[in-house]
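The structure appears below as structure tokens.
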Amino acid sequence: MVYSGAFKLRRWVPGNSIEMERNPNFPIKPEGGESKYVQKVVYRFIQNTNSLLVAVIGGSIDATSSVSLTFDQGRSPQLVRRAPGRFDIWFVPGAIWEHIDINKFENCQAVRDLGLNDKRTRQALLHAMNREGLVKAFFDGLQPVAHTWIAPVNPLFNPNVRKYEFNLKKAEALLAEMGWRKGPDGILQRTVGGRTVRFEIEYVTTAGNALRERTQQFFAEDLKKIGIAVKINNAPSAVVFADDYIQRASECKWTGMFMFAWVSNLQEDGSLFQYKNLNTGAIMVPTKENNYQGQNIGGWRNDEFDRLTSQAVLEFDENRRKQLFARAQEIWAEELPALPLYFRANPYVVRKGLVNYVASAYAGGYGYPGWNAWEIGWESRGAVKKWDQAKYALSTR
């Protein structure tokens, strides 16, 4: 709370700023004495990111938070050119991952027609999506491509899972195994139940999110190369994230691909993709029978995955817990209940000489600056540098 931390509230101007001063009653003292460290902090609320960029370049801002500049602004020439000798620009890998969930409920006609409940279809889709090209084109390679739902910065991360490189021939071969052949219009078709069906898949994301809509177009072009037609069906976030939409894949409210983000948790329990939590008995797939509870919105089921993740959260031995999650990730990467895209990296700008103002992937889950506010200070005043952002981030230089 603002009255019990390293700083206490002094002045608040609604919609403009919050001024805080060092709390003399805070029990933790920084190395060398408090006088060498920051005594006052002013948070400025600048809603327009272009105005914020001007303020940073103009020198009136010493540091930004993750909820500030956009990725493009963090890489903008006008900022980067002025950085040398004045401030550092860091891109901190985070725990928020963009992915595409897939509807796997076989009661939906589109799922049966396209074979979305078959892992080969999902594998083919991922092989056909140039994720490396996307992060290079959109993010200068500063967003790590995802291979599981667990972030690379998480100690549980398994780097040895199956990976899907951009390979159109592998995608075509997998689809050919399932009977898909190109029709006269170049779109794949096959016979299902005596009917000829085209491979046209619904692709949903949040309307108005320019980055996601650009990503959608990027992947739609990739999929077209192997004969898959994309039917874009976007809506505002208030619509697609409402319970009567995102939780209703079992009722075919969305029937194909749904692209959005989740936060990878440091206290990972695997519940995001469990069919059943064996410790509680709860069904984690949202359906009418369980009042649409649970986050396994695509309806994936793998009993071994459920057993491993349910056992892992009860395991006190660190190495054994890692082994259980390592195997769970291998299963996940083979089955692909969702298509992993990339983990976000947030841009931070910090003035040269301001030490211990650092951010990490799991500070609040969204990469907010760290908990060590009492250690933030200026080297020129004698503040001791204890934390080095360079160990946990990528620089633009």
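Going by the structure tokens order, chains are called A, B, ..., each with residues numbered from 1, while ligands are numbered from 1 in the order shown.
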Residues within 10 Å of Leu272 (chain A), only C-alpha atoms, excluding chain neighbours under 4 positions, as JSON, numbers by chain: {"A": [149, 262, 264, 268, 284, 285, 294, 295, 296, 297]}
Given the selection you just returned, output its residues as a file containing N, CA and C atoms, formatted as a compact mmCIF listing (two decimals), in the first residue's frame.
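out.txt was written with the following content:
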```txt
# COMPACT_ATOMS: atom_id res chain seq x y z
N TRP A 149 3.59 -23.05 -23.70
CA TRP A 149 2.91 -21.96 -23.01
C TRP A 149 3.74 -21.40 -21.85
N TRP A 262 -2.31 -14.77 -23.20
CA TRP A 262 -2.41 -15.23 -21.81
C TRP A 262 -1.15 -14.82 -21.08
N SER A 264 1.79 -16.22 -18.74
CA SER A 264 2.43 -17.42 -18.23
C SER A 264 2.80 -17.17 -16.77
N GLU A 268 3.29 -21.87 -11.88
CA GLU A 268 2.60 -22.62 -12.92
C GLU A 268 1.90 -23.86 -12.34
N MET A 284 -12.02 -28.62 -16.30
CA MET A 284 -11.45 -27.32 -16.64
C MET A 284 -11.87 -26.83 -18.03
N VAL A 285 -12.67 -27.62 -18.74
CA VAL A 285 -13.17 -27.24 -20.06
C VAL A 285 -14.55 -26.60 -19.89
N GLY A 294 -13.59 -22.66 -16.31
CA GLY A 294 -12.33 -23.23 -16.78
C GLY A 294 -11.75 -22.44 -17.94
N GLN A 295 -10.43 -22.58 -18.13
CA GLN A 295 -9.72 -21.81 -19.15
C GLN A 295 -9.29 -22.65 -20.34
N ASN A 296 -9.55 -23.93 -20.33
CA ASN A 296 -9.23 -24.80 -21.47
C ASN A 296 -10.34 -24.63 -22.50
N ILE A 297 -10.36 -23.46 -23.13
CA ILE A 297 -11.52 -23.07 -23.94
C ILE A 297 -11.65 -23.88 -25.22
```
Residues near Pro27 (chain A), cut-off 10 Å, only C-alpha atoms, skip fewer than 4 positions along chain, as a PyMOL selection string: chain A and resi 4-6+23
Output file for the selection above: N, CA and C atoms, as a CSV table (one decimal), in the first residue's frame:
```
chain,number,residue,atom,x,y,z
A,4,SER,N,2.6,2.3,3.3
A,4,SER,CA,3.5,1.4,4.1
A,4,SER,C,4.7,0.9,3.3
A,5,GLY,N,4.9,1.4,2.1
A,5,GLY,CA,6.0,1.0,1.3
A,5,GLY,C,7.2,1.9,1.5
A,6,ALA,N,8.2,1.9,0.6
A,6,ALA,CA,9.4,2.7,0.7
A,6,ALA,C,9.1,4.2,0.5
A,23,ASN,N,9.6,7.2,2.7
A,23,ASN,CA,8.9,6.9,4.0
A,23,ASN,C,9.9,6.7,5.1
```
DSSP strand (DSSP E) residues within region 168-204 of chain A, as number ranges by chain: A: 181-182, 188-192, 195-198, 200-204
Counting only C-alpha atoms, what are the residues of region 38-146 of chain A within 10 Å of region 333-341 of chain A, and for each of them which pair of atoms is the nearest and at what distance in Å, to one decimal? Sort the table by chain and rising number, as JSON lines.
```
{"residue": "A:Trp97", "atom": "CA", "partner": "A:Leu341", "partner_atom": "CA", "distance": 7.2}
{"residue": "A:Glu98", "atom": "CA", "partner": "A:Leu341", "partner_atom": "CA", "distance": 5.5}
{"residue": "A:His99", "atom": "CA", "partner": "A:Pro340", "partner_atom": "CA", "distance": 4.6}
{"residue": "A:Ile100", "atom": "CA", "partner": "A:Leu339", "partner_atom": "CA", "distance": 4.9}
{"residue": "A:Asp101", "atom": "CA", "partner": "A:Ala338", "partner_atom": "CA", "distance": 4.5}
{"residue": "A:Ile102", "atom": "CA", "partner": "A:Ala338", "partner_atom": "CA", "distance": 5.8}
{"residue": "A:Asn103", "atom": "CA", "partner": "A:Pro337", "partner_atom": "CA", "distance": 8.8}
{"residue": "A:Lys104", "atom": "CA", "partner": "A:Pro337", "partner_atom": "CA", "distance": 8.2}
{"residue": "A:Leu116", "atom": "CA", "partner": "A:Pro337", "partner_atom": "CA", "distance": 9.8}
{"residue": "A:Asn117", "atom": "CA", "partner": "A:Pro337", "partner_atom": "CA", "distance": 9.0}
{"residue": "A:Asp118", "atom": "CA", "partner": "A:Glu335", "partner_atom": "CA", "distance": 8.7}
{"residue": "A:Lys119", "atom": "CA", "partner": "A:Glu335", "partner_atom": "CA", "distance": 5.4}
{"residue": "A:Arg120", "atom": "CA", "partner": "A:Glu335", "partner_atom": "CA", "distance": 8.4}
{"residue": "A:Thr121", "atom": "CA", "partner": "A:Leu336", "partner_atom": "CA", "distance": 9.7}
{"residue": "A:Arg122", "atom": "CA", "partner": "A:Leu336", "partner_atom": "CA", "distance": 6.4}
{"residue": "A:Gln123", "atom": "CA", "partner": "A:Leu336", "partner_atom": "CA", "distance": 6.9}
{"residue": "A:Leu125", "atom": "CA", "partner": "A:Leu339", "partner_atom": "CA", "distance": 8.2}
{"residue": "A:Leu126", "atom": "CA", "partner": "A:Leu339", "partner_atom": "CA", "distance": 6.4}
{"residue": "A:Met129", "atom": "CA", "partner": "A:Leu341", "partner_atom": "CA", "distance": 9.1}
{"residue": "A:Asn130", "atom": "CA", "partner": "A:Leu341", "partner_atom": "CA", "distance": 9.5}
{"residue": "A:Arg131", "atom": "CA", "partner": "A:Leu341", "partner_atom": "CA", "distance": 6.4}
{"residue": "A:Glu132", "atom": "CA", "partner": "A:Leu341", "partner_atom": "CA", "distance": 9.1}
{"residue": "A:Leu134", "atom": "CA", "partner": "A:Leu341", "partner_atom": "CA", "distance": 9.2}
{"residue": "A:Val135", "atom": "CA", "partner": "A:Leu341", "partner_atom": "CA", "distance": 9.1}
{"residue": "A:Gln143", "atom": "CA", "partner": "A:Leu341", "partner_atom": "CA", "distance": 9.7}
{"residue": "A:Pro144", "atom": "CA", "partner": "A:Leu341", "partner_atom": "CA", "distance": 8.8}
{"residue": "A:Val145", "atom": "CA", "partner": "A:Leu341", "partner_atom": "CA", "distance": 5.9}
{"residue": "A:Ala146", "atom": "CA", "partner": "A:Pro340", "partner_atom": "CA", "distance": 5.3}
```
Would you save the residues from that selection as an mmCIF file, in the first residue's frame, using N, CA and C atoms?
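See again_25.cif below for the written result:
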```cif
data_model
loop_
_atom_site.group_PDB
_atom_site.id
_atom_site.type_symbol
_atom_site.label_atom_id
_atom_site.label_comp_id
_atom_site.auth_asym_id
_atom_site.auth_seq_id
_atom_site.Cartn_x
_atom_site.Cartn_y
_atom_site.Cartn_z
ATOM 1 N N TRP A 97 2.157 -14.191 -23.486
ATOM 2 C CA TRP A 97 2.402 -14.843 -24.775
ATOM 3 C C TRP A 97 1.183 -14.745 -25.677
ATOM 4 N N GLU A 98 1.448 -14.413 -26.902
ATOM 5 C CA GLU A 98 0.409 -14.409 -27.939
ATOM 6 C C GLU A 98 0.310 -15.819 -28.511
ATOM 7 N N HIS A 99 -0.911 -16.246 -28.723
ATOM 8 C CA HIS A 99 -1.119 -17.597 -29.232
ATOM 9 C C HIS A 99 -2.455 -17.658 -29.964
ATOM 10 N N ILE A 100 -2.698 -18.776 -30.591
ATOM 11 C CA ILE A 100 -3.969 -19.012 -31.271
ATOM 12 C C ILE A 100 -4.591 -20.268 -30.689
ATOM 13 N N ASP A 101 -5.722 -20.105 -30.039
ATOM 14 C CA ASP A 101 -6.460 -21.277 -29.557
ATOM 15 C C ASP A 101 -7.232 -21.884 -30.713
ATOM 16 N N ILE A 102 -7.423 -23.200 -30.647
ATOM 17 C CA ILE A 102 -8.109 -23.944 -31.707
ATOM 18 C C ILE A 102 -9.326 -24.653 -31.117
ATOM 19 N N ASN A 103 -10.459 -24.523 -31.768
ATOM 20 C CA ASN A 103 -11.651 -25.258 -31.344
ATOM 21 C C ASN A 103 -11.479 -26.728 -31.703
ATOM 22 N N LYS A 104 -11.608 -27.606 -30.704
ATOM 23 C CA LYS A 104 -11.439 -29.049 -30.927
ATOM 24 C C LYS A 104 -12.694 -29.837 -30.552
ATOM 25 N N LEU A 116 -9.866 -30.293 -37.146
ATOM 26 C CA LEU A 116 -9.156 -29.508 -36.133
ATOM 27 C C LEU A 116 -8.920 -30.296 -34.858
ATOM 28 N N ASN A 117 -9.678 -31.366 -34.666
ATOM 29 C CA ASN A 117 -9.467 -32.236 -33.513
ATOM 30 C C ASN A 117 -8.346 -33.244 -33.746
ATOM 31 N N ASP A 118 -7.712 -33.192 -34.906
ATOM 32 C CA ASP A 118 -6.583 -34.062 -35.243
ATOM 33 C C ASP A 118 -5.302 -33.228 -35.118
ATOM 34 N N LYS A 119 -4.343 -33.733 -34.340
ATOM 35 C CA LYS A 119 -3.116 -32.957 -34.099
ATOM 36 C C LYS A 119 -2.362 -32.665 -35.397
ATOM 37 N N ARG A 120 -2.510 -33.503 -36.407
ATOM 38 C CA ARG A 120 -1.796 -33.268 -37.660
ATOM 39 C C ARG A 120 -2.239 -31.975 -38.319
ATOM 40 N N THR A 121 -3.522 -31.651 -38.190
ATOM 41 C CA THR A 121 -4.016 -30.392 -38.752
ATOM 42 C C THR A 121 -3.373 -29.213 -38.043
ATOM 43 N N ARG A 122 -3.326 -29.285 -36.724
ATOM 44 C CA ARG A 122 -2.742 -28.194 -35.940
ATOM 45 C C ARG A 122 -1.238 -28.077 -36.200
ATOM 46 N N GLN A 123 -0.578 -29.201 -36.352
ATOM 47 C CA GLN A 123 0.847 -29.177 -36.685
ATOM 48 C C GLN A 123 1.086 -28.552 -38.048
ATOM 49 N N LEU A 125 -0.850 -26.348 -39.562
ATOM 50 C CA LEU A 125 -1.098 -24.914 -39.450
ATOM 51 C C LEU A 125 0.127 -24.186 -38.914
ATOM 52 N N LEU A 126 0.765 -24.769 -37.883
ATOM 53 C CA LEU A 126 1.915 -24.102 -37.286
ATOM 54 C C LEU A 126 3.123 -24.130 -38.223
ATOM 55 N N MET A 129 2.914 -21.250 -40.687
ATOM 56 C CA MET A 129 2.949 -19.873 -40.190
ATOM 57 C C MET A 129 4.394 -19.463 -39.934
ATOM 58 N N ASN A 130 4.835 -18.446 -40.621
ATOM 59 C CA ASN A 130 6.219 -17.991 -40.517
ATOM 60 C C ASN A 130 6.377 -17.086 -39.292
ATOM 61 N N ARG A 131 6.457 -17.708 -38.129
ATOM 62 C CA ARG A 131 6.551 -16.945 -36.884
ATOM 63 C C ARG A 131 7.878 -16.199 -36.783
ATOM 64 N N GLU A 132 8.956 -16.854 -37.220
ATOM 65 C CA GLU A 132 10.259 -16.178 -37.194
ATOM 66 C C GLU A 132 10.243 -14.948 -38.102
ATOM 67 N N LEU A 134 7.616 -13.220 -38.836
ATOM 68 C CA LEU A 134 6.740 -12.235 -38.211
ATOM 69 C C LEU A 134 7.500 -11.397 -37.188
ATOM 70 N N VAL A 135 8.201 -12.042 -36.262
ATOM 71 C CA VAL A 135 8.881 -11.291 -35.211
ATOM 72 C C VAL A 135 10.043 -10.473 -35.784
ATOM 73 N N GLN A 143 11.192 -10.187 -30.058
ATOM 74 C CA GLN A 143 10.161 -10.964 -29.369
ATOM 75 C C GLN A 143 10.496 -12.444 -29.583
ATOM 76 N N PRO A 144 10.747 -13.206 -28.521
ATOM 77 C CA PRO A 144 11.101 -14.624 -28.704
ATOM 78 C C PRO A 144 9.918 -15.457 -29.187
ATOM 79 N N VAL A 145 10.156 -16.257 -30.208
ATOM 80 C CA VAL A 145 9.123 -17.182 -30.695
ATOM 81 C C VAL A 145 8.809 -18.190 -29.593
ATOM 82 N N ALA A 146 7.539 -18.482 -29.390
ATOM 83 C CA ALA A 146 7.114 -19.401 -28.333
ATOM 84 C C ALA A 146 7.055 -20.833 -28.865
#
```
Close residues, Gly270 (chain A) itself excluded, 9 Å, only C-alpha atoms, min 5 positions apart in chain, as JSON, numbers by chain: {"A": [305, 306, 308, 309, 310, 312, 313, 325, 328]}
Long-range neighbours of Ala229 (chain A) as a list of chain:residue names, 8 Å cut-off, only C-alpha atoms, 3 positions minimum in chain: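 So, after excluding close chain neighbours, the residues are A:Ile187, A:Phe199, A:Glu200, A:Ile201, A:Ala220, A:Leu223, A:Lys224.
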Atom pair CA of Phe273 (chain A) / CA of Phe219 (chain A): separation (Å):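 These atoms are spaced 24.0 Å apart.
The spacing separating CA of Lys169 (chain A) from CA of Lys225 (chain A) amounts to 10.5 Å.
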Nearest to Pro286 (chain A) by atom-to-atom distance, counting only C-alpha atoms, from A:Phe105, A:Asn302, A:Gly186, A:Tyr164: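 For Pro286 (chain A), the nearest of the candidates is A:Phe105.
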Can you pull out every residue within 10 Å of Ala383 (chain A), counting only C-alpha atoms, but drop anything in the same chain fewer than 3 positions away, and send it as a compact mmCIF listing (two decimals) with C-alpha atoms, in the first residue's frame?
```
# COMPACT_ATOMS: atom_id res chain seq x y z
CA PRO A 30 19.65 0.97 1.27
CA GLU A 31 23.39 0.42 1.30
CA GLY A 32 25.36 3.53 2.27
CA GLY A 33 22.43 5.45 3.74
CA GLU A 34 19.15 6.83 2.45
CA SER A 35 20.53 10.25 1.53
CA LYS A 36 22.34 8.77 -1.49
CA TYR A 37 19.12 7.45 -2.99
CA VAL A 38 15.99 8.91 -4.54
CA GLY A 353 23.08 6.90 -14.06
CA LEU A 354 19.73 5.87 -12.55
CA VAL A 355 20.55 2.55 -10.90
CA ASN A 356 18.42 -0.34 -9.64
CA GLU A 375 17.31 0.97 -3.76
CA ILE A 376 16.64 3.28 -6.71
CA GLY A 377 19.11 6.13 -6.88
CA TRP A 378 21.66 8.15 -8.83
CA GLU A 379 25.21 6.90 -9.16
CA SER A 380 26.42 10.50 -9.13
CA LYS A 386 23.03 -3.84 -7.15
```
Point-to-point distance in Å for CA of Arg381 (chain A) and CA of Ser17 (chain A):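 Spanning CA of Ser17 (chain A) to CA of Arg381 (chain A) is a straight-line distance of 25.5 Å.
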All helix (DSSP H, G or I) positions in region 152-236 of chain A, as a list in words: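 Restricting region 152-236 of chain A to helix (DSSP H, G or I) produces Leu168, Lys169, Lys170, Ala171, Glu172, Ala173, Leu174, Leu175, Ala176, Glu177, Ala210, Leu211, Arg212, Glu213, Arg214, Thr215, Gln216, Gln217, Phe218, Phe219, Ala220, Glu221, Asp222, Leu223 and Lys224 of chain A.
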For Val358 (chain A), work out the shell of residues within 8 Å, counting only C-alpha atoms and skipping chain neighbours fewer than 5 positions away, then give it as an mmCIF file with C-alpha atoms, in the first residue's frame.
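That gives us around.cif:
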```
data_model
loop_
_atom_site.group_PDB
_atom_site.id
_atom_site.type_symbol
_atom_site.label_atom_id
_atom_site.label_comp_id
_atom_site.auth_asym_id
_atom_site.auth_seq_id
_atom_site.Cartn_x
_atom_site.Cartn_y
_atom_site.Cartn_z
ATOM 1 C CA PRO A 369 9.341 -2.137 -12.406
ATOM 2 C CA GLY A 370 10.651 -4.198 -9.523
ATOM 3 C CA TRP A 387 20.835 -4.899 -10.056
ATOM 4 C CA ASP A 388 21.864 -4.864 -13.704
ATOM 5 C CA GLN A 389 19.067 -4.677 -16.268
#
```
Counting only C-alpha atoms, the residue of A:Arg344, A:Arg181, A:Lys385, A:Lys276 that sits nearest Phe71 (chain A): A:Arg344
